[in-house]
>>> print(open('entry.txt').read())   # compact mmCIF, C-alpha atoms
# COMPACT_ATOMS: atom_id res chain seq x y z
CA MET I 1 20.65 -3.65 -13.35
CA GLY I 2 19.33 -2.70 -16.74
CA SER I 3 16.39 -0.60 -17.67
CA TYR I 4 12.83 -1.90 -17.42
CA SER I 5 11.42 -3.32 -20.64
CA LYS I 6 8.07 -4.89 -19.62
CA ILE I 7 5.90 -3.22 -17.02
CA LEU I 8 2.71 -4.79 -15.68
CA VAL I 9 0.32 -2.12 -14.41
CA VAL I 10 -2.28 -3.45 -11.97
CA VAL I 11 -5.42 -1.35 -11.53
CA ASP I 12 -8.55 -1.77 -9.46
CA LEU I 13 -10.60 0.46 -11.81
CA THR I 14 -11.39 3.02 -9.11
CA ASP I 15 -10.65 6.71 -9.66
CA ASP I 16 -7.14 6.06 -8.30
CA SER I 17 -6.36 3.92 -11.35
CA ALA I 18 -5.73 7.07 -13.42
CA CYS I 19 -2.90 8.10 -11.09
CA ILE I 20 -1.30 4.65 -11.29
CA VAL I 21 -1.51 4.59 -15.09
CA GLU I 22 -0.02 8.08 -15.39
CA ARG I 23 2.93 7.15 -13.17
CA ALA I 24 3.46 4.01 -15.21
CA ARG I 25 3.29 5.94 -18.50
CA GLY I 26 5.94 8.35 -17.24
CA LEU I 27 8.27 5.55 -16.23
CA ALA I 28 7.67 3.68 -19.50
CA ALA I 29 8.44 6.82 -21.49
CA ALA I 30 11.69 7.31 -19.56
CA THR I 31 12.82 3.70 -19.96
CA GLY I 32 11.26 2.75 -23.30
CA ALA I 33 9.31 -0.05 -21.62
CA GLN I 34 6.18 -1.73 -22.90
CA LEU I 35 3.14 -1.40 -20.63
CA SER I 36 0.42 -3.97 -20.12
CA LEU I 37 -2.65 -3.45 -17.95
CA LEU I 38 -4.26 -5.97 -15.59
CA HIS I 39 -7.42 -5.95 -13.51
CA VAL I 40 -8.44 -8.93 -11.38
CA VAL I 41 -12.04 -9.74 -10.55
CA GLU I 42 -11.89 -11.45 -7.18
CA TYR I 43 -13.27 -14.98 -7.23
CA VAL I 44 -16.44 -15.28 -5.16
CA PRO I 45 -16.87 -18.88 -4.00
CA VAL I 46 -20.32 -20.44 -4.19
CA GLU I 47 -21.67 -23.81 -3.19
CA PRO I 48 -21.15 -26.12 -6.17
CA LEU I 49 -24.56 -27.74 -5.78
CA GLY I 50 -26.40 -24.71 -4.43
CA GLU I 51 -29.38 -23.15 -6.15
CA THR I 52 -27.43 -19.92 -6.60
CA LEU I 53 -24.74 -21.38 -8.88
CA LEU I 54 -26.24 -20.19 -12.18
CA PRO I 55 -26.88 -16.61 -11.01
CA ALA I 56 -23.37 -16.48 -9.47
CA VAL I 57 -21.82 -17.57 -12.78
CA GLN I 58 -23.87 -14.95 -14.60
CA ILE I 59 -22.87 -12.30 -12.09
CA GLU I 60 -19.18 -13.17 -12.51
CA GLU I 61 -19.50 -13.03 -16.30
CA GLU I 62 -21.15 -9.61 -16.02
CA LEU I 63 -18.41 -8.35 -13.68
CA VAL I 64 -15.74 -9.50 -16.14
CA HIS I 65 -17.56 -7.91 -19.06
CA ARG I 66 -17.89 -4.57 -17.24
CA ALA I 67 -14.26 -4.72 -16.11
CA ARG I 68 -13.10 -5.25 -19.70
CA GLU I 69 -15.10 -2.25 -20.85
CA ARG I 70 -13.76 -0.04 -18.04
CA LEU I 71 -10.19 -1.22 -18.61
CA SER I 72 -10.45 -0.44 -22.33
CA ALA I 73 -11.86 3.02 -21.54
CA LEU I 74 -9.06 3.68 -19.03
CA ALA I 75 -6.45 2.64 -21.59
CA ALA I 76 -7.99 4.86 -24.26
CA GLU I 77 -8.21 7.86 -21.89
CA HIS I 78 -4.48 7.62 -21.21
CA GLY I 79 -3.26 6.99 -24.73
CA LEU I 80 -2.76 3.27 -24.22
CA ALA I 81 -5.43 1.93 -26.56
CA ASP I 82 -2.87 -0.38 -28.18
CA ALA I 83 -1.40 -1.64 -24.91
CA PRO I 84 -2.06 -5.27 -24.01
CA ARG I 85 -4.66 -5.55 -21.28
CA ALA I 86 -6.32 -8.40 -19.45
CA VAL I 87 -9.05 -9.06 -16.95
CA ALA I 88 -8.37 -12.14 -14.85
CA THR I 89 -10.64 -13.87 -12.35
CA GLY I 90 -9.53 -15.53 -9.16
CA ASN I 91 -7.33 -14.69 -6.23
CA ILE I 92 -5.96 -11.19 -6.79
CA LYS I 93 -2.50 -11.88 -5.43
CA ALA I 94 -2.05 -15.14 -7.31
CA GLU I 95 -3.32 -13.69 -10.58
CA ILE I 96 -0.95 -10.73 -10.40
CA VAL I 97 2.07 -12.95 -9.76
CA ASN I 98 0.91 -15.33 -12.51
CA ALA I 99 0.50 -12.50 -15.03
CA ALA I 100 3.93 -11.05 -14.18
CA THR I 101 5.53 -14.47 -14.59
CA THR I 102 3.71 -15.29 -17.83
CA GLN I 103 4.47 -11.88 -19.37
CA GLN I 104 8.06 -11.96 -18.09
CA ALA I 105 7.48 -8.53 -16.61
CA ASP I 106 10.46 -6.91 -14.94
CA LEU I 107 8.33 -4.44 -12.98
CA ILE I 108 4.85 -4.51 -11.43
CA ILE I 109 3.24 -1.16 -10.67
CA LEU I 110 0.24 -1.08 -8.35
CA GLY I 111 -1.46 1.26 -5.92
CA SER I 112 -0.95 1.35 -2.17
CA ARG I 113 -3.22 2.98 0.37
CA GLU I 114 -2.21 4.10 3.83
CA ARG I 115 -3.50 1.81 6.56
CA HIS I 116 -4.61 2.67 10.06
CA GLY I 117 -5.69 0.79 13.16
CA LEU I 118 -6.19 -2.97 12.95
CA SER I 119 -5.82 -2.98 9.16
CA ILE I 120 -2.06 -2.60 9.71
CA LEU I 121 -2.01 -6.20 10.99
CA VAL I 122 -3.75 -7.64 7.91
CA ASN I 123 -1.68 -8.89 4.96
CA PHE I 124 -2.71 -6.66 2.06
CA THR I 125 -2.23 -7.27 -1.64
CA GLU I 126 0.77 -5.00 -2.14
CA ASP I 127 2.63 -6.65 0.74
CA THR I 128 2.05 -10.14 -0.61
CA ILE I 129 2.99 -9.12 -4.15
CA LEU I 130 6.19 -7.52 -2.91
CA HIS I 131 7.35 -10.83 -1.43
CA ALA I 132 5.96 -13.20 -4.08
CA ALA I 133 6.68 -11.29 -7.28
CA PRO I 134 9.26 -12.59 -9.74
CA CYS I 135 10.39 -9.01 -10.42
CA ASP I 136 10.59 -5.52 -8.92
CA VAL I 137 7.44 -3.92 -7.51
CA LEU I 138 6.61 -0.22 -7.45
CA ALA I 139 3.78 0.86 -5.17
CA VAL I 140 2.21 4.20 -6.07
CA ARG I 141 1.06 5.90 -2.88
CA LEU I 142 -2.62 6.73 -3.09
CA ARG I 143 -4.20 9.29 -0.83
>>> encode(input="entry.txt", output="C-alpha cells")
Amino acid sequence: MGSYSKILVVVDLTDDSACIVERARGLAAATGAQLSLLHVVEYVPVEPLGETLLPAVQIEEELVHRARERLSALAAEHGLADAPRAVATGNIKAEIVNAATTQQADLIILGSRERHGLSILVNFTEDTILHAAPCDVLAVRLR
C-alpha cells in the first residue's frame, strides 16, 4: 500500500471540526497528501405541493450559504485557505461516498462520537461510510 495522496476531510462544523482538521493536517503533512474539505447539509424533505415549499427552499439556501461561510472560516483558521472545499446537500452518507468517489480520494477522515444505550443499535454515519466508502476511512475519536 502506498502513501495517501488525496484526503477528504468531512466536518459537521461544530467545535469538534477543529480537532478533525488538525488530525488531517498532520497526516497530510506526513504523507504529502492534498486535503479537501466537505460539509453536507442534510436534505429536509417537504411536500412538493405544500404551502411551505418556498420557505423551505429559502431555508435550505440560507443553510448552504452559512455552511460555506463557516467552512471557509474553518479552512482559513487552520491554514487551509487554498484547499478545495465543498458544501453538498442531500443524504449525508451518500454525499460523502459520492464526493470520495468523484475526487478519487484514497482516505476519508471524519469524526466519531462514543455511543451509549439504544444509540448503539442505530446505524450511524461513520459506520455506513466505513462499509460503503471506495477508500480507507479514518475516524477521529471525539469526546
>>> closest_atom_pairs(input="entry.txt", of="segment 93-113 of chain I", to="segment 20-33 of chain I", cutoff="8 Å", atoms="all atoms listed in the file", output="JSON lines")
{"residue": "I:Ile109", "atom": "CA", "partner": "I:Ala24", "partner_atom": "CA", "distance": 6.9}
{"residue": "I:Leu110", "atom": "CA", "partner": "I:Ile20", "partner_atom": "CA", "distance": 6.6}
{"residue": "I:Gly111", "atom": "CA", "partner": "I:Ile20", "partner_atom": "CA", "distance": 6.4}
>>> residues_around(input="entry.txt", residues="segment 67-78 of chain I", least_positions_apart="4", cutoff="10 Å", atoms="all atoms listed in the file", output="MDAnalysis selection string")
chainID I and resid 11:15 17:18 21:22 25 36:41 61:63 82:88
>>> closest_residue(input="entry.txt", among="I:Ala105, I:Val97, I:Val64, I:Val140", to="Asp16 of chain I", atoms="only C-alpha atoms")
I:Val140
>>> closest_residue(input="entry.txt", among="I:Lys93, I:His65, I:Arg113, I:Lys6", to="Ala139 of chain I", atoms="all atoms listed in the file")
I:Arg113
>>> closest_residue(input="entry.txt", among="I:Ser112, I:Ile96, I:Ile59, I:Asp127", to="Val10 of chain I", atoms="all atoms listed in the file")
I:Ile96
>>> residues_around(input="entry.txt", residues="Val137 of chain I", least_positions_apart="4", cutoff="9 Å", atoms="all atoms listed in the file", output="PyMOL selection string")
chain I and resi 106-110+126+129-130+133
>>> closest_residue(input="entry.txt", among="I:Ala100, I:Gln34, I:Cys19, I:Asn91", to="Leu142 of chain I", atoms="only C-alpha atoms")
I:Cys19
>>> atom_distance(input="entry.txt", atom1="atom CA of His131 of chain I", atom2="atom CA of Glu60 of chain I")
28.8 Å
>>> decode(input="entry.txt", residues="segment 67-109 of chain I", atoms="N, CA and C atoms", output="tab-separated table (two decimals), in the first residue's frame")
chain	number	residue	atom	x	y	z
I	67	ALA	N	-23.18	27.56	5.78
I	67	ALA	CA	-22.20	26.47	5.85
I	67	ALA	C	-20.96	26.81	5.03
I	68	ARG	N	-21.15	27.41	3.87
I	68	ARG	CA	-19.99	27.80	3.04
I	68	ARG	C	-19.12	28.82	3.78
I	69	GLU	N	-19.77	29.78	4.41
I	69	GLU	CA	-19.02	30.79	5.17
I	69	GLU	C	-18.25	30.15	6.32
I	70	ARG	N	-18.90	29.28	7.06
I	70	ARG	CA	-18.25	28.62	8.20
I	70	ARG	C	-17.13	27.69	7.75
I	71	LEU	N	-17.32	27.00	6.63
I	71	LEU	CA	-16.29	26.11	6.11
I	71	LEU	C	-15.08	26.91	5.65
I	72	SER	N	-15.31	28.03	5.00
I	72	SER	CA	-14.21	28.91	4.58
I	72	SER	C	-13.45	29.44	5.79
I	73	ALA	N	-14.17	29.84	6.83
I	73	ALA	CA	-13.53	30.34	8.05
I	73	ALA	C	-12.71	29.24	8.72
I	74	LEU	N	-13.25	28.03	8.78
I	74	LEU	CA	-12.53	26.90	9.38
I	74	LEU	C	-11.25	26.63	8.60
I	75	ALA	N	-11.34	26.64	7.28
I	75	ALA	CA	-10.17	26.40	6.44
I	75	ALA	C	-9.12	27.48	6.69
I	76	ALA	N	-9.54	28.72	6.74
I	76	ALA	CA	-8.60	29.82	6.95
I	76	ALA	C	-7.94	29.73	8.32
I	77	GLU	N	-8.71	29.38	9.35
I	77	GLU	CA	-8.18	29.27	10.72
I	77	GLU	C	-7.08	28.21	10.82
I	78	HIS	N	-7.14	27.21	9.96
I	78	HIS	CA	-6.20	26.10	10.05
I	78	HIS	C	-5.19	26.07	8.89
I	79	GLY	N	-5.03	27.21	8.25
I	79	GLY	CA	-4.04	27.32	7.20
I	79	GLY	C	-4.38	26.57	5.94
I	80	LEU	N	-5.67	26.37	5.68
I	80	LEU	CA	-6.10	25.62	4.50
I	80	LEU	C	-6.95	26.48	3.57
I	81	ALA	N	-6.68	27.77	3.53
I	81	ALA	CA	-7.48	28.69	2.72
I	81	ALA	C	-7.48	28.30	1.25
I	82	ASP	N	-6.41	27.66	0.78
I	82	ASP	CA	-6.33	27.27	-0.63
I	82	ASP	C	-6.85	25.85	-0.89
I	83	ALA	N	-7.22	25.15	0.16
I	83	ALA	CA	-7.69	23.77	-0.01
I	83	ALA	C	-9.07	23.75	-0.67
I	84	PRO	N	-9.30	22.81	-1.57
I	84	PRO	CA	-10.65	22.67	-2.13
I	84	PRO	C	-11.64	22.37	-1.03
I	85	ARG	N	-12.81	22.96	-1.12
I	85	ARG	CA	-13.85	22.70	-0.12
I	85	ARG	C	-15.21	22.77	-0.79
I	86	ALA	N	-16.14	22.00	-0.25
I	86	ALA	CA	-17.47	21.94	-0.85
I	86	ALA	C	-18.52	21.79	0.23
I	87	VAL	N	-19.69	22.32	-0.06
I	87	VAL	CA	-20.87	22.10	0.76
I	87	VAL	C	-21.88	21.41	-0.14
I	88	ALA	N	-22.24	20.21	0.24
I	88	ALA	CA	-23.22	19.43	-0.54
I	88	ALA	C	-24.54	19.39	0.22
I	89	THR	N	-25.61	19.14	-0.50
I	89	THR	CA	-26.91	18.97	0.13
I	89	THR	C	-27.45	17.60	-0.23
I	90	GLY	N	-28.11	16.99	0.72
I	90	GLY	CA	-28.70	15.68	0.47
I	90	GLY	C	-28.45	14.74	1.63
I	91	ASN	N	-28.45	13.46	1.32
I	91	ASN	CA	-28.20	12.44	2.32
I	91	ASN	C	-26.71	12.46	2.68
I	92	ILE	N	-26.41	12.61	3.94
I	92	ILE	CA	-25.02	12.77	4.37
I	92	ILE	C	-24.16	11.61	3.91
I	93	LYS	N	-24.60	10.41	4.15
I	93	LYS	CA	-23.81	9.23	3.81
I	93	LYS	C	-23.56	9.13	2.31
I	94	ALA	N	-24.60	9.33	1.54
I	94	ALA	CA	-24.47	9.24	0.08
I	94	ALA	C	-23.57	10.34	-0.47
I	95	GLU	N	-23.68	11.53	0.06
I	95	GLU	CA	-22.87	12.65	-0.43
I	95	GLU	C	-21.39	12.46	-0.10
I	96	ILE	N	-21.09	11.89	1.05
I	96	ILE	CA	-19.69	11.64	1.40
I	96	ILE	C	-19.09	10.60	0.46
I	97	VAL	N	-19.80	9.51	0.25
I	97	VAL	CA	-19.31	8.47	-0.65
I	97	VAL	C	-19.17	9.02	-2.07
I	98	ASN	N	-20.14	9.81	-2.50
I	98	ASN	CA	-20.09	10.41	-3.84
I	98	ASN	C	-18.88	11.34	-3.98
I	99	ALA	N	-18.64	12.17	-2.98
I	99	ALA	CA	-17.50	13.10	-3.03
I	99	ALA	C	-16.18	12.33	-3.07
I	100	ALA	N	-16.07	11.30	-2.25
I	100	ALA	CA	-14.84	10.50	-2.23
I	100	ALA	C	-14.60	9.82	-3.58
I	101	THR	N	-15.65	9.33	-4.19
I	101	THR	CA	-15.55	8.68	-5.49
I	101	THR	C	-15.17	9.70	-6.57
I	102	THR	N	-15.87	10.82	-6.59
I	102	THR	CA	-15.63	11.85	-7.60
I	102	THR	C	-14.21	12.41	-7.50
I	103	GLN	N	-13.76	12.64	-6.27
I	103	GLN	CA	-12.42	13.22	-6.06
I	103	GLN	C	-11.31	12.17	-6.13
I	104	GLN	N	-11.69	10.92	-6.24
I	104	GLN	CA	-10.74	9.81	-6.22
I	104	GLN	C	-9.88	9.87	-4.95
I	105	ALA	N	-10.55	10.15	-3.84
I	105	ALA	CA	-9.86	10.20	-2.55
I	105	ALA	C	-9.39	8.80	-2.18
I	106	ASP	N	-8.25	8.73	-1.51
I	106	ASP	CA	-7.79	7.43	-1.03
I	106	ASP	C	-7.91	7.33	0.49
I	107	LEU	N	-8.44	8.40	1.11
I	107	LEU	CA	-8.73	8.37	2.54
I	107	LEU	C	-9.82	9.37	2.86
I	108	ILE	N	-10.78	8.95	3.67
I	108	ILE	CA	-11.81	9.84	4.22
I	108	ILE	C	-11.52	9.96	5.71
I	109	ILE	N	-11.48	11.19	6.21
I	109	ILE	CA	-11.32	11.41	7.64
I	109	ILE	C	-12.59	12.08	8.14
